[in-house]
Amino acid sequence: MENVSYVPLKQPIVFTVEGFIITRQQGYPLFVACLIVYAMMLLGNITVVAVIAVDAKLHKPMYMMMCNLAACDLLGGTTVMAQLMPHFLTGDNTIGYVAAIVQAFCVHTYSLAVTTILTAMAYDRYVAICQPLHYHTIMTTTRLVSLCFVAWLIPIFLIMIIFILNVGTPLCGTLIMHVYCSNRAILSLACVPTPINDIYSMCTVYSVSTSSFLVIALSYVKILHTCLIKKDKNSQSKAIQTCTSHLTIYIIFEISLLIIPMTYRLEEISPNAKKFCALLTFIMPPTVNPIIYGISMKDIRTNIVKLFKYNVLPK
């Protein structure tokens with residue numbers, strides 16, 4: 001077997017993120033666009049959290065899980081936007097090794113945490129609609145805290161193992177061919193093959209995604225069955241309205257994930273367009289989710305109006 005020599009990089013390592021292929025003049029309007037989107041993202045998610053925190057009537061499992069989802073959306077959006085906006089404004093696309101690892105860790109944690117939180121929310125809706133008489137005995141404060149804790153613990157633990165496997169892997173390059181740092185982008189610079197990390201990463205993503213899909217699908221099949229056998233039209237309408245927002249958010253998130261591999265298989269799409277599609281997962285759900293809550297859920301909508309009417313608008 002032929003020996004292949006390599007020269008690993010020495011610390012401290014500074015990566016260069018390829019980012020979008022644009023001119024300095026094109027960067028300014030893109031920075032403004034990113035700033036507007038990020039401001040909308042912050043305003044929407046912080047408003048949802050504030051509304052739920054202020055009104056004691058909303059201190060219920062469903063709304064508390066919404067707070068967790070809003071926090072997760074802020075994590076994902078901030079992780080990518082905080083690195084992307086300076087790139088557009090100054091043209092500086094360098095990032096230190098530690099910062100790159102932190103960004104990659106947050107990126108993957110966000111992707112898995114959204115899935116696990118939405119799974120917990122589906123279980124909550126199943127109990128509320130299919131077992132309404134036992135809802136308060138099942139969804140106790142202890143059960144709620146446990147669900148939220150597990151929904152965060154699973155992705156953090158699984159992603160932590162991925163990066164533990166990376167420790168000691170020698171790197172022979174510094175150019176990250178993406179718009180943000182990810183585990184795959186960093187490992188593509190490795191001097192040696194990383195089969196264990198690749199297999200573990202693939203198994204982690206598919207196992208979490210598949211199990212979450214099965215739980216959500218089963219929950220909604222039972223919810224639909226319960227709604228069909230109920231003769232009370234008001235109960236049916238309320239149940240469907242309550243679940244619509246959750247199901248819409250889940251579909252939007254999954255579509256934004258599916259767009260990434262689809263666009264990278266189409267050669268006629270420009271590199272910038274492919275990179276933009278890769279950002280949709282961190283832009284579209286965090287920005288759209290608060291709007292969906294505000295439109296579809298009367299309690300949230302009413303409290304948002306009260307919040308702005310009495311605390312924001314001049315008297």
# chains A, B, ... in the order shown; residues from 1 in each chain; ligands from 1
>>> residues_around(residues="A:Tyr123", least_positions_apart="4", cutoff="8 Å", atoms="only C-alpha atoms", output="ChimeraX atom specification")
/A:119,127,215-216,219
>>> closest_atom_pairs(of="stretch 105-151 of chain A", to="stretch 167-188 of chain A", cutoff="8 Å", atoms="only C-alpha atoms", output="Markdown table")
| residue | atom | partner | partner_atom | distance |
| --- | --- | --- | --- | --- |
| A:Phe105 | CA | A:Ser182 | CA | 7.5 |
| A:Val107 | CA | A:Ser182 | CA | 7.0 |
| A:His108 | CA | A:Ser182 | CA | 7.5 |
>>> atom_distance(atom1="atom CA of A:Phe88", atom2="atom CA of A:Gly19")
9.2 Å
>>> atom_distance(atom1="atom CA of A:Leu69", atom2="atom CA of A:Val114")
6.6 Å
>>> closest_atom_pairs(of="stretch 63-82 of chain A", to="stretch 33-39 of chain A", cutoff="8 Å", atoms="only C-alpha atoms", output="JSON lines")
{"residue": "A:Gly77", "atom": "CA", "partner": "A:Tyr38", "partner_atom": "CA", "distance": 7.4}
{"residue": "A:Thr78", "atom": "CA", "partner": "A:Tyr38", "partner_atom": "CA", "distance": 7.8}
{"residue": "A:Met81", "atom": "CA", "partner": "A:Tyr38", "partner_atom": "CA", "distance": 7.2}
>>> write_last_selection(atoms="C-alpha atoms", output="short mmCIF file (atom, residue, chain, number, x, y, z; two decimals), in the first residue's frame")
data_model
loop_
_atom_site.label_atom_id
_atom_site.label_comp_id
_atom_site.auth_asym_id
_atom_site.auth_seq_id
_atom_site.Cartn_x
_atom_site.Cartn_y
_atom_site.Cartn_z
CA GLY A 77 -30.99 32.31 13.29
CA THR A 78 -28.44 34.11 15.43
CA MET A 81 -26.75 35.61 10.87
#
>>> residues_around(residues="stretch 137-153 of chain A", least_positions_apart="6", cutoff="12 Å", atoms="only C-alpha atoms", output="PyMOL selection string")
chain A and resi 59-69+71-72+106+109-128+131+159-160+208+212
>>> residues_around(residues="A:Met41", least_positions_apart="5", cutoff="10 Å", atoms="only C-alpha atoms", output="VMD selection string")
chain A and resid 35 to 36 46 to 47 70 73 to 74 77 to 78 283 to 291
>>> residues_around(residues="A:Ile196", least_positions_apart="5", cutoff="12 Å", atoms="only C-alpha atoms", output="JSON, numbers by chain")
{"A": [161, 162, 163, 164, 165, 166, 169, 187, 201, 202, 203]}
>>> atom_distance(atom1="atom CA of A:Gly27", atom2="atom CA of A:Val80")
16.2 Å
